[in-house]
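Peer 1: I'd like to ask you about the structure that follows.
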Amino acid sequence: MWRLILLFLPLPVLACDRPVCLIPAEDQFFAREITFDDQPSGFGAGRMVSGVMMLDGAQIGERFAGQYVRDDAGFDRVEGAPLAPLQVVAGEETQNMTVIRLADTAVLSGDGSAGYPKREATGEGALAVLFDRDQVALRFDLRGGEDGAATVLFLRRDGSLIDTAQLEPLSEAVYAFTRQDGARDIAGIVLTNADPDGIALDTLLFDGVDQLS
C-alpha cells in the first residue's frame, strides 16, 4: 500500500496548506484522458520516441527550454529555471522516451543516461508535460515502482514554480492533485524519480468537466 510523505499529507483538500494538494482520485472528474495504447510501441525496451510527443491537449518531452538534465547514478535530475513561456523539449536521441507494450496496456517511459535500449535506462529518465490549457487539477497513473521516490514540479506558463511534490514509497498507483486555492495556472509538470525499477506513465487525465467546449 502506497503512502505520500514529506510535502503532502493524505488529508481533505480544505485541510491542505500546500499550493498543490493530493486528493483521492475519485474526488475529481476529468474531461480528457491520454493513454499510449494508440502509439507505436514494442515489448522489452519498447519503441524509441524521437523528439517531442504531440498529443491531444498536451505535449510530452524530457524537460522545458531553459532547464538542463544532469546524471545522478543513472537517474535524470532536472535543474535550472524554465524560460517563459514554457516550451517542452526532447532529450538526446537515446535518452528521450520509449513506449513500452505490456500485456494489458502501453506505457511511456523516460530513458536515463545509460541510453536506449539498455535495461538500466528504462524508466529512469525525466518526463515533462506541457498542457495546451492551464489546469486546476490533474491525475496520472504510474506503472512500476519498487518503494523508491518520485518528484513532481508544478509550473506556471511563465516558468515560475507553483509547488514541488515528493512521492514515496512508489508502487503502481494513481496520483491526483488540485490547486489548493482553485487557481487554474498549472501549465506544465516535470516528473523525475529515484526508483530501483524505474517508473512509467500509463494514463494522464486533465481538463475538468467545466473546460469542455
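Letters A, B, ... mark the chains of the C-alpha cells in the order given; residue numbers begin at 1 per chain; ligand numbers begin at 1, in order shown.
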Please provide the set of residues having any atom within 6 Å of Gly42 in chain A, restricted to only C-alpha atoms, with same-chain residues fewer than 4 positions apart removed, written as a ChimeraX atom specification.

Peer 2: /A:46-47,100-101

Peer 1: Please identify all polymer residues within 6 Å of range 106-119 of chain A, counting only C-alpha atoms, omitting same-chain residues fewer than 2 positions from it, and present them as a ChimeraX atom specification.

Peer 2: /A:36-37,45,74-76,94-102,121-127,200-202

Peer 1: In Å to one decimal, how far is CA of Asp141 in chain A from CA of Ile199 in chain A?

Peer 2: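 Distance reported for this atom pair: 10.2 Å.
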
Peer 1: Run DSSP on the backbone of this structure and report the residues of range 3-194 of chain A it assigns to helix (DSSP H, G or I), as a VMD selection string.

Peer 2: chain A and resid 13 to 15 25 to 27 93 to 95 119 to 121

Peer 1: For the selection just defined, write its residues with C-alpha atoms to a file, as a compact mmCIF listing (two decimals), in the first residue's frame.

Peer 2:
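For reference, out_19.txt as written:
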# COMPACT_ATOMS: atom_id res chain seq x y z
CA VAL A 13 -8.20 19.40 0.22
CA LEU A 14 -9.52 22.06 2.58
CA ALA A 15 -7.02 20.94 5.23
CA ALA A 25 -8.54 10.05 -7.39
CA GLU A 26 -12.31 9.64 -7.28
CA ASP A 27 -12.86 13.18 -5.98
CA GLU A 93 18.17 10.58 -29.21
CA THR A 94 18.77 7.57 -26.95
CA GLN A 95 17.94 9.40 -23.71
CA ARG A 119 17.59 -2.02 -19.41
CA GLU A 120 19.12 0.24 -16.77
CA ALA A 121 17.94 3.30 -18.74

Peer 1: Can you tell me, as an mmCIF file with all heavy atoms, in the first residue's frame, what residues are no more than 7 Å from Gln59 in chain A when counting only C-alpha atoms, ignoring any on the same chain fewer than 3 positions away?

Peer 2:
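Resulting contents of result-v2.cif:
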data_model
loop_
_atom_site.group_PDB
_atom_site.id
_atom_site.type_symbol
_atom_site.label_atom_id
_atom_site.label_comp_id
_atom_site.auth_asym_id
_atom_site.auth_seq_id
_atom_site.Cartn_x
_atom_site.Cartn_y
_atom_site.Cartn_z
ATOM 1 N N VAL A 52 9.601 15.529 -29.475
ATOM 2 C CA VAL A 52 8.501 15.766 -28.540
ATOM 3 C C VAL A 52 7.271 15.015 -29.025
ATOM 4 O O VAL A 52 6.972 14.973 -30.222
ATOM 5 C CB VAL A 52 8.202 17.269 -28.437
ATOM 6 C CG1 VAL A 52 6.947 17.535 -27.623
ATOM 7 C CG2 VAL A 52 9.402 17.996 -27.823
ATOM 8 N N MET A 53 6.537 14.414 -28.115
ATOM 9 C CA MET A 53 5.307 13.701 -28.439
ATOM 10 C C MET A 53 4.143 14.686 -28.400
ATOM 11 O O MET A 53 3.874 15.301 -27.369
ATOM 12 C CB MET A 53 5.090 12.555 -27.446
ATOM 13 C CG MET A 53 3.879 11.691 -27.737
ATOM 14 S SD MET A 53 3.731 10.294 -26.570
ATOM 15 C CE MET A 53 5.016 9.214 -27.200
ATOM 16 N N MET A 54 3.467 14.842 -29.546
ATOM 17 C CA MET A 54 2.347 15.773 -29.661
ATOM 18 C C MET A 54 1.050 14.992 -29.504
ATOM 19 O O MET A 54 0.735 14.124 -30.319
ATOM 20 C CB MET A 54 2.385 16.481 -31.020
ATOM 21 C CG MET A 54 3.747 17.055 -31.378
ATOM 22 S SD MET A 54 4.269 18.381 -30.253
ATOM 23 C CE MET A 54 3.143 19.681 -30.731
ATOM 24 N N LEU A 55 0.297 15.292 -28.461
ATOM 25 C CA LEU A 55 -0.910 14.541 -28.140
ATOM 26 C C LEU A 55 -2.107 15.482 -28.051
ATOM 27 O O LEU A 55 -1.965 16.704 -28.166
ATOM 28 C CB LEU A 55 -0.712 13.791 -26.826
ATOM 29 C CG LEU A 55 0.450 12.779 -26.832
ATOM 30 C CD1 LEU A 55 0.795 12.363 -25.414
ATOM 31 C CD2 LEU A 55 0.103 11.572 -27.682
ATOM 32 N N VAL A 129 5.537 17.462 -19.127
ATOM 33 C CA VAL A 129 4.244 17.589 -19.800
ATOM 34 C C VAL A 129 3.864 19.057 -19.867
ATOM 35 O O VAL A 129 3.861 19.754 -18.845
ATOM 36 C CB VAL A 129 3.142 16.806 -19.053
ATOM 37 C CG1 VAL A 129 1.806 16.947 -19.777
ATOM 38 C CG2 VAL A 129 3.526 15.336 -18.903
ATOM 39 N N LEU A 130 3.520 19.524 -21.074
ATOM 40 C CA LEU A 130 3.028 20.882 -21.271
ATOM 41 C C LEU A 130 1.576 20.794 -21.733
ATOM 42 O O LEU A 130 1.278 20.197 -22.770
ATOM 43 C CB LEU A 130 3.864 21.616 -22.319
ATOM 44 C CG LEU A 130 3.410 23.034 -22.683
ATOM 45 C CD1 LEU A 130 3.483 23.966 -21.470
ATOM 46 C CD2 LEU A 130 4.239 23.586 -23.833
ATOM 47 N N PHE A 131 0.664 21.369 -20.966
ATOM 48 C CA PHE A 131 -0.748 21.339 -21.309
ATOM 49 C C PHE A 131 -1.091 22.493 -22.248
ATOM 50 O O PHE A 131 -0.553 23.599 -22.122
ATOM 51 C CB PHE A 131 -1.600 21.439 -20.044
ATOM 52 C CG PHE A 131 -1.368 20.317 -19.067
ATOM 53 C CD1 PHE A 131 -0.610 20.522 -17.915
ATOM 54 C CD2 PHE A 131 -1.881 19.052 -19.310
ATOM 55 C CE1 PHE A 131 -0.387 19.487 -17.021
ATOM 56 C CE2 PHE A 131 -1.658 18.007 -18.418
ATOM 57 C CZ PHE A 131 -0.901 18.222 -17.277
#

Peer 1: DSSP on the backbone, strand (DSSP E or B) only: what residues of range 4-207 of chain A does that give? Format it as a PyMOL selection string.

Peer 2: chain A and resi 20-23+30-35+42+47-49+53-55+58-61+63-64+68-72+75-79+88-89+97-101+106-111+122+127-135+137-144+149-155+161-167+174-179+186-194+199-207

Peer 1: What's around Thr178 in chain A at 10 Å? Count only C-alpha atoms, leave out sequence neighbours fewer than 6 positions away in its own chain, and write the answer as a PyMOL selection string.

Peer 2: chain A and resi 13+19-23+28+135-139+184+186

Peer 1: I need the chosen residues saved as a compact mmCIF listing (two decimals), in the first residue's frame, with N, CA, C and O atoms.

Peer 2:
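The file below, out33.txt, is the result:
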# COMPACT_ATOMS: atom_id res chain seq x y z
N VAL A 13 -8.80 18.23 0.87
CA VAL A 13 -8.20 19.40 0.22
C VAL A 13 -8.26 20.63 1.11
O VAL A 13 -7.32 21.40 1.19
N PRO A 19 0.39 24.73 -1.87
CA PRO A 19 -0.21 25.29 -3.08
C PRO A 19 -0.88 24.24 -3.96
O PRO A 19 -1.88 24.53 -4.60
N VAL A 20 -0.31 23.02 -3.99
CA VAL A 20 -0.91 21.91 -4.72
C VAL A 20 -1.15 20.78 -3.74
O VAL A 20 -0.25 20.40 -2.99
N CYS A 21 -2.37 20.22 -3.75
CA CYS A 21 -2.75 19.22 -2.77
C CYS A 21 -3.02 17.88 -3.43
O CYS A 21 -3.61 17.81 -4.51
N LEU A 22 -2.64 16.83 -2.75
CA LEU A 22 -3.01 15.48 -3.15
C LEU A 22 -4.46 15.24 -2.77
O LEU A 22 -4.89 15.62 -1.68
N ILE A 23 -5.23 14.64 -3.67
CA ILE A 23 -6.62 14.34 -3.40
C ILE A 23 -6.91 12.90 -3.81
O ILE A 23 -6.21 12.32 -4.63
N GLN A 28 -12.21 13.90 -8.22
CA GLN A 28 -12.10 14.85 -9.32
C GLN A 28 -12.47 14.15 -10.62
O GLN A 28 -12.01 13.04 -10.89
N GLN A 135 -4.29 24.27 -16.07
CA GLN A 135 -5.10 23.32 -15.33
C GLN A 135 -5.24 23.71 -13.86
O GLN A 135 -4.33 24.30 -13.28
N VAL A 136 -6.36 23.33 -13.26
CA VAL A 136 -6.54 23.46 -11.82
C VAL A 136 -6.29 22.13 -11.13
O VAL A 136 -6.00 22.07 -9.93
N ALA A 137 -6.38 21.03 -11.89
CA ALA A 137 -6.20 19.69 -11.33
C ALA A 137 -5.73 18.74 -12.43
O ALA A 137 -5.92 19.00 -13.62
N LEU A 138 -5.13 17.64 -12.02
CA LEU A 138 -4.68 16.62 -12.97
C LEU A 138 -4.50 15.31 -12.22
O LEU A 138 -4.45 15.28 -10.99
N ARG A 139 -4.37 14.25 -13.00
CA ARG A 139 -4.17 12.92 -12.42
C ARG A 139 -3.30 12.10 -13.35
O ARG A 139 -3.39 12.22 -14.57
N ARG A 184 -6.40 28.26 -11.64
CA ARG A 184 -6.18 27.48 -12.86
C ARG A 184 -4.90 27.97 -13.52
O ARG A 184 -4.92 28.77 -14.45
N ILE A 186 -1.76 25.66 -13.58
CA ILE A 186 -0.76 24.61 -13.81
C ILE A 186 -0.63 24.41 -15.32
O ILE A 186 -1.50 23.82 -15.96

Peer 1: Give the answer as one residue: which of A:Gly80, A:Pro196, A:Gly148, A:Gly182 has the shortest atom-to-atom distance to Gln166 in chain A, using only C-alpha atoms?

Peer 2: A:Gly148

Peer 1: Between CA of Leu167 in chain A and CA of Asp195 in chain A, what is the distance in Å, rounded to a tenth?

Peer 2: 10.8 Å

Peer 1: For a test of reading the model, state the distance in Å between CA of Val78 in chain A and CA of Thr35 in chain A, rounded to one decimal.

Peer 2: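 Taking CA of Val78 in chain A as the start and CA of Thr35 in chain A as the end point, the length is 24.3 Å.
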
Peer 1: Using only C-alpha atoms, which of A:Leu161, A:Ala90, A:Val152, A:Leu170 sits nearest Gly51 in chain A?

Peer 2: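 Ranking A:Leu161, A:Ala90, A:Val152, A:Leu170 by distance to Gly51 in chain A, first place goes to A:Ala90.
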
Peer 1: Pick the closest to Ala165 in chain A from A:Phe140, A:Leu191, A:Gln39, A:Ala73: which is it, counting only C-alpha atoms?

Peer 2: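 Among A:Phe140, A:Leu191, A:Gln39, A:Ala73, it is A:Leu191 that comes nearest to Ala165 in chain A.
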